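Asker: Please find run.txt (compact mmCIF, C-alpha atoms and all ligand atoms) on the next line:
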# COMPACT_ATOMS: atom_id res chain seq x y z
CA MET X 292 3.15 -20.73 -12.38
CA MET X 293 3.40 -16.95 -12.41
CA THR X 294 1.76 -15.15 -9.48
CA CYS X 295 1.24 -11.40 -9.15
CA ILE X 296 1.21 -9.78 -5.70
CA PHE X 297 0.08 -6.18 -5.39
CA ASP X 298 0.60 -3.56 -2.75
CA LEU X 299 -2.65 -1.61 -2.35
CA ASP X 300 -2.06 2.02 -1.29
CA GLY X 301 -0.38 3.94 -4.11
CA VAL X 302 -0.39 0.97 -6.51
CA LEU X 303 -4.06 0.11 -7.06
CA VAL X 304 -5.72 3.14 -5.41
CA ASP X 305 -4.66 6.62 -4.43
CA SER X 306 -5.42 6.41 -0.72
CA ALA X 307 -2.30 8.40 0.20
CA LYS X 308 -4.33 11.61 -0.05
CA TYR X 309 -6.73 10.36 2.63
CA HIS X 310 -3.87 9.25 4.88
CA TYR X 311 -2.48 12.75 4.41
CA LEU X 312 -5.73 14.53 5.29
CA ALA X 313 -6.19 12.41 8.40
CA TRP X 314 -2.60 12.87 9.64
CA LYS X 315 -2.82 16.59 8.85
CA ALA X 316 -5.95 16.94 10.99
CA LEU X 317 -4.00 15.44 13.89
CA ALA X 318 -1.03 17.77 13.27
CA ASP X 319 -3.40 20.76 13.13
CA LYS X 320 -4.84 19.75 16.46
CA LEU X 321 -1.38 19.36 17.96
CA GLY X 322 -0.45 22.78 16.56
CA PHE X 323 2.19 22.20 13.87
CA VAL X 324 2.41 22.21 10.09
CA PHE X 325 2.44 18.90 8.23
CA THR X 326 3.04 19.24 4.50
CA GLU X 327 2.39 16.91 1.55
CA GLN X 328 6.14 16.57 1.22
CA ASP X 329 6.33 15.36 4.83
CA ASN X 330 3.62 12.86 3.94
CA GLU X 331 5.95 11.20 1.38
CA ARG X 332 7.90 9.82 4.34
CA LEU X 333 4.84 7.89 5.53
CA LYS X 334 4.27 5.90 2.34
CA GLY X 335 4.44 2.16 2.92
CA VAL X 336 5.14 2.77 6.62
CA SER X 337 2.99 1.16 9.34
CA ARG X 338 0.43 3.22 11.25
CA MET X 339 2.43 3.43 14.48
CA LYS X 340 5.70 4.18 12.72
CA SER X 341 3.88 6.88 10.71
CA LEU X 342 2.70 8.49 13.94
CA GLU X 343 6.24 8.41 15.31
CA ILE X 344 7.56 10.20 12.20
CA LEU X 345 4.73 12.75 12.48
CA LEU X 346 5.53 13.44 16.14
CA GLU X 347 9.20 13.81 15.29
CA ILE X 348 8.30 16.45 12.68
CA GLY X 349 6.16 18.30 15.26
CA LYS X 350 8.77 17.75 18.00
CA ILE X 351 6.12 16.32 20.28
CA ASN X 352 6.49 13.68 22.97
CA MET X 353 3.71 11.25 23.83
CA THR X 354 3.36 8.33 26.19
CA ASP X 355 2.55 4.95 24.65
CA ALA X 356 -1.07 5.31 25.78
CA GLU X 357 -1.34 8.75 24.16
CA LYS X 358 0.16 7.33 20.96
CA GLU X 359 -2.44 4.57 20.87
CA GLU X 360 -5.17 7.13 21.29
CA ALA X 361 -3.78 9.47 18.61
CA ALA X 362 -3.32 6.63 16.10
CA ASP X 363 -6.86 5.52 16.82
CA GLU X 364 -8.25 8.98 16.27
CA LYS X 365 -6.37 9.30 12.96
CA ASN X 366 -7.68 5.92 11.86
CA LYS X 367 -11.29 6.84 12.62
CA LEU X 368 -11.04 9.93 10.45
CA TYR X 369 -9.19 7.98 7.71
CA ARG X 370 -11.93 5.33 7.70
CA SER X 371 -14.60 8.00 7.38
CA TYR X 372 -12.87 9.12 4.15
CA ILE X 373 -12.25 5.69 2.65
CA SER X 374 -15.75 4.50 3.46
CA LYS X 375 -16.88 6.96 0.79
CA MET X 376 -14.44 5.70 -1.88
CA THR X 377 -15.81 4.59 -5.25
CA PRO X 378 -14.53 2.41 -8.14
CA GLU X 379 -13.56 5.65 -9.92
CA GLU X 380 -10.66 5.91 -7.48
CA ILE X 381 -8.91 2.84 -8.89
CA LEU X 382 -5.71 4.16 -10.53
CA PRO X 383 -5.49 4.40 -14.35
CA GLY X 384 -4.82 1.17 -16.28
CA VAL X 385 -5.14 -1.03 -13.18
CA GLU X 386 -8.45 -2.68 -14.01
CA ASP X 387 -7.44 -3.54 -17.58
CA PHE X 388 -4.31 -5.25 -16.30
CA LEU X 389 -6.22 -7.14 -13.57
CA LYS X 390 -8.79 -8.28 -16.14
CA GLU X 391 -6.01 -9.57 -18.37
CA LEU X 392 -4.49 -11.53 -15.46
CA LYS X 393 -7.89 -13.04 -14.71
CA SER X 394 -8.48 -14.02 -18.33
CA LEU X 395 -5.11 -15.82 -18.35
CA ASN X 396 -5.78 -17.53 -14.99
CA ILE X 397 -2.72 -15.92 -13.44
CA LYS X 398 -3.03 -16.00 -9.66
CA THR X 399 -3.25 -12.70 -7.79
CA ALA X 400 -2.88 -11.58 -4.18
CA ILE X 401 -2.79 -8.36 -2.22
CA GLY X 402 0.23 -7.77 0.03
CA SER X 403 -0.50 -4.61 2.02
CA ALA X 404 0.52 -3.24 5.41
CA SER X 405 -2.91 -1.67 5.83
CA LYS X 406 -5.39 -2.93 8.39
CA ASN X 407 -8.07 -1.18 6.32
CA THR X 408 -7.46 -3.28 3.20
CA SER X 409 -10.84 -5.05 3.21
CA LEU X 410 -12.81 -1.80 3.43
CA ILE X 411 -10.96 -0.32 0.44
CA MET X 412 -11.33 -3.56 -1.54
CA GLU X 413 -15.09 -3.57 -0.95
CA ARG X 414 -15.67 0.12 -1.62
CA THR X 415 -13.75 0.10 -4.92
CA GLY X 416 -14.94 -3.34 -6.10
CA LEU X 417 -11.33 -4.50 -6.44
CA ASP X 418 -12.03 -7.63 -4.38
CA LYS X 419 -13.44 -9.51 -7.39
CA TYR X 420 -10.00 -9.56 -9.06
CA PHE X 421 -8.09 -11.22 -6.20
CA ASP X 422 -7.58 -14.84 -5.17
CA ALA X 423 -6.05 -13.99 -1.78
CA ILE X 424 -5.49 -11.07 0.54
CA ALA X 425 -2.53 -10.72 2.90
CA ASP X 426 -2.75 -7.53 4.93
CA GLY X 427 -1.81 -5.72 8.12
CA THR X 428 -4.32 -7.73 10.14
CA MET X 429 -2.38 -10.96 9.45
CA VAL X 430 1.26 -10.03 9.92
CA SER X 431 3.33 -8.62 12.72
CA LYS X 432 6.39 -7.39 10.85
CA ALA X 433 6.21 -4.32 8.58
CA LYS X 434 7.93 -3.94 5.19
CA PRO X 435 10.89 -4.10 4.46
CA ASP X 436 10.33 -7.39 6.26
CA PRO X 437 9.10 -9.89 3.64
CA GLU X 438 6.37 -11.37 5.89
CA VAL X 439 3.32 -9.94 4.12
CA PHE X 440 4.47 -11.04 0.65
CA LEU X 441 5.44 -14.52 1.87
CA LYS X 442 1.98 -14.75 3.46
CA GLY X 443 0.37 -13.85 0.11
CA ALA X 444 2.38 -16.55 -1.69
CA GLU X 445 1.53 -19.08 1.01
CA LEU X 446 -2.21 -18.37 0.77
CA LEU X 447 -2.01 -19.12 -2.97
CA GLY X 448 0.32 -22.08 -2.64
CA SER X 449 2.82 -20.26 -4.88
CA ASP X 450 6.59 -20.57 -4.79
CA PRO X 451 8.14 -17.15 -3.95
CA LYS X 452 10.46 -17.43 -6.94
CA ASP X 453 7.41 -17.44 -9.24
CA CYS X 454 5.99 -14.27 -7.65
CA ILE X 455 6.16 -10.75 -9.05
CA VAL X 456 5.43 -7.91 -6.64
CA PHE X 457 4.07 -4.49 -7.66
CA GLU X 458 5.11 -1.75 -5.22
CA ASP X 459 5.31 2.03 -4.95
CA SER X 460 7.57 2.22 -1.88
CA GLU X 461 11.27 1.52 -1.44
CA ALA X 462 10.56 -0.54 1.68
CA GLY X 463 8.16 -2.67 -0.37
CA ILE X 464 10.73 -3.31 -3.13
CA GLU X 465 13.22 -4.41 -0.49
CA ALA X 466 10.59 -6.65 1.13
CA ALA X 467 9.86 -8.34 -2.21
CA HIS X 468 13.54 -9.04 -2.85
CA ARG X 469 14.02 -10.37 0.67
CA ALA X 470 11.10 -12.72 -0.03
CA GLY X 471 12.98 -13.99 -3.10
CA MET X 472 10.49 -12.37 -5.50
CA LYS X 473 10.82 -10.03 -8.47
CA ALA X 474 9.77 -6.42 -7.86
CA ILE X 475 8.18 -3.98 -10.26
CA GLY X 476 8.23 -0.38 -9.06
CA ILE X 477 5.28 1.89 -9.75
CA GLY X 478 6.39 5.52 -9.80
CA ASP X 479 9.72 7.32 -10.14
CA GLU X 480 12.72 5.27 -11.30
CA ASN X 481 15.07 7.63 -9.49
CA VAL X 482 13.40 6.71 -6.21
CA LEU X 483 12.70 3.02 -6.84
CA LYS X 484 16.26 2.28 -7.92
CA GLU X 485 16.32 -1.26 -6.56
CA ALA X 486 13.31 -2.46 -8.57
CA ASP X 487 13.79 -4.97 -11.41
CA LEU X 488 11.66 -2.73 -13.62
CA VAL X 489 9.94 0.61 -13.00
CA ILE X 490 6.76 1.80 -14.71
CA LYS X 491 5.05 5.14 -14.19
CA ASN X 492 1.61 3.56 -13.94
CA PHE X 493 -0.39 0.67 -15.40
CA VAL X 494 -1.61 2.49 -18.50
CA GLY X 495 -0.76 0.25 -21.47
CA PHE X 496 1.01 -2.30 -19.26
CA ASN X 497 0.37 -5.96 -20.09
CA VAL X 498 1.46 -9.52 -19.36
CA LYS X 499 3.65 -9.71 -22.46
CA MET X 500 5.84 -7.01 -20.90
CA LEU X 501 6.21 -9.18 -17.79
CA ARG X 502 7.44 -12.30 -19.51
C1 LIG P 1 0.37 1.38 3.87
C2 LIG P 1 0.38 2.86 3.57
O1 LIG P 1 -0.12 0.68 2.76
O2 LIG P 1 -0.44 1.09 5.00
C3 LIG P 1 0.81 3.64 4.81
O3 LIG P 1 1.25 3.14 2.49
C4 LIG P 1 -0.08 3.25 5.99
O4 LIG P 1 0.74 5.02 4.55
C5 LIG P 1 -0.04 1.74 6.21
O5 LIG P 1 0.35 3.92 7.18
C6 LIG P 1 -0.95 1.27 7.35
O6 LIG P 1 -2.27 1.51 7.00
P1 LIG P 1 -3.51 1.47 7.97
O7 LIG P 1 -4.68 1.59 7.04
O8 LIG P 1 -3.50 0.15 8.66
O9 LIG P 1 -3.39 2.60 8.93
MG MG P 2 2.10 1.55 -1.19
Could you render the structure from this file as structure tokens?
Ligand code: BG6
Ligand code: MG

Answerer:
Amino acid sequence: MMTCIFDLDGVLVDSAKYHYLAWKALADKLGFVFTEQDNERLKGVSRMKSLEILLEIGKINMTDAEKEEAADEKNKLYRSYISKMTPEEILPGVEDFLKELKSLNIKTAIGSASKNTSLIMERTGLDKYFDAIADGTMVSKAKPDPEVFLKGAELLGSDPKDCIVFEDSEAGIEAAHRAGMKAIGIGDENVLKEADLVIKNFVGFNVKMLR
């Protein structure tokens, strides 16, 4: 039975802009410039690893305790942004595709690195479309490790070989393949070269195109 597993940030919602604003506020405070182009490097990357990349850009050293504190501060600001999200922030074409999956009884899960998944799901109303959620609160290994996608399949009782993953990051495509799943890239085909298929977004996308 076909199962669809979705990354959240950058696939279903555009939360990257809030991650950017929150990291930028930290960079401002630390006294260096953090651009939107720099932010591309943080997509799909765990919170701590993101901080490490940010500090490398700013050439700043921190102790582990300082890192914990800085990541915490960023997360508080990020949560203040996403707690104001609305269903209008679901990306184009996504809801139509999720409705089609539901009408065909195709099982769905979230497979996201984010520990803030449940807040975004609630705020946008996306939770009603999903049978299971595997997120950063349940796994210890970040993509490209396949753990989060395998967890999603396990929660649904699905065989990995029947799962199709939707991802906007290279690390996520690799994670899907390492899990023994198919991977559909959302975004630029020159970046997501390893994907089995790349689409720009979900507008006009349907199950027939999957089969
Ligand atoms: C990923 C995002 O989905 O989740 C990353 O693409 C983010 O940018 C990561 O760092 C962890 O998210 P959070 O919400 O737990 O800080
Ligand atoms: Mg993503």

Asker: Please compute the CA of Glu461 (chain X)-CA of Asn492 (chain X) distance, one decimal, in Å.

Answerer: 15.9 Å

Asker: Here is a test: counting only C-alpha atoms and all ligand atoms, which residue of X:Ala462, X:Ala486, X:Leu321, X:Met293 is nearest to ligand LIG 1 (chain P)?

Answerer: X:Ala462

Asker: Find the residue from X:Met472, X:Ala316, X:Leu299, X:Ala466 that sits nearest to Ile424 (chain X); use only C-alpha atoms when measuring.

Answerer: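 Answer, going by the shortest atom-to-atom distance: X:Leu299.
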
Asker: Considering all atoms listed in the file, can you say which of X:Glu379, X:Glu347, X:Glu445, X:Glu485 comes closest to Ile464 (chain X)?

Answerer: X:Glu485

Asker: Let me have all residues with an atom within 7 Å of ligand MG 2 (chain P), counting only C-alpha atoms and all ligand atoms, laid out as a PyMOL selection string.

Answerer: chain X and resi 298-302+334-335+458-460
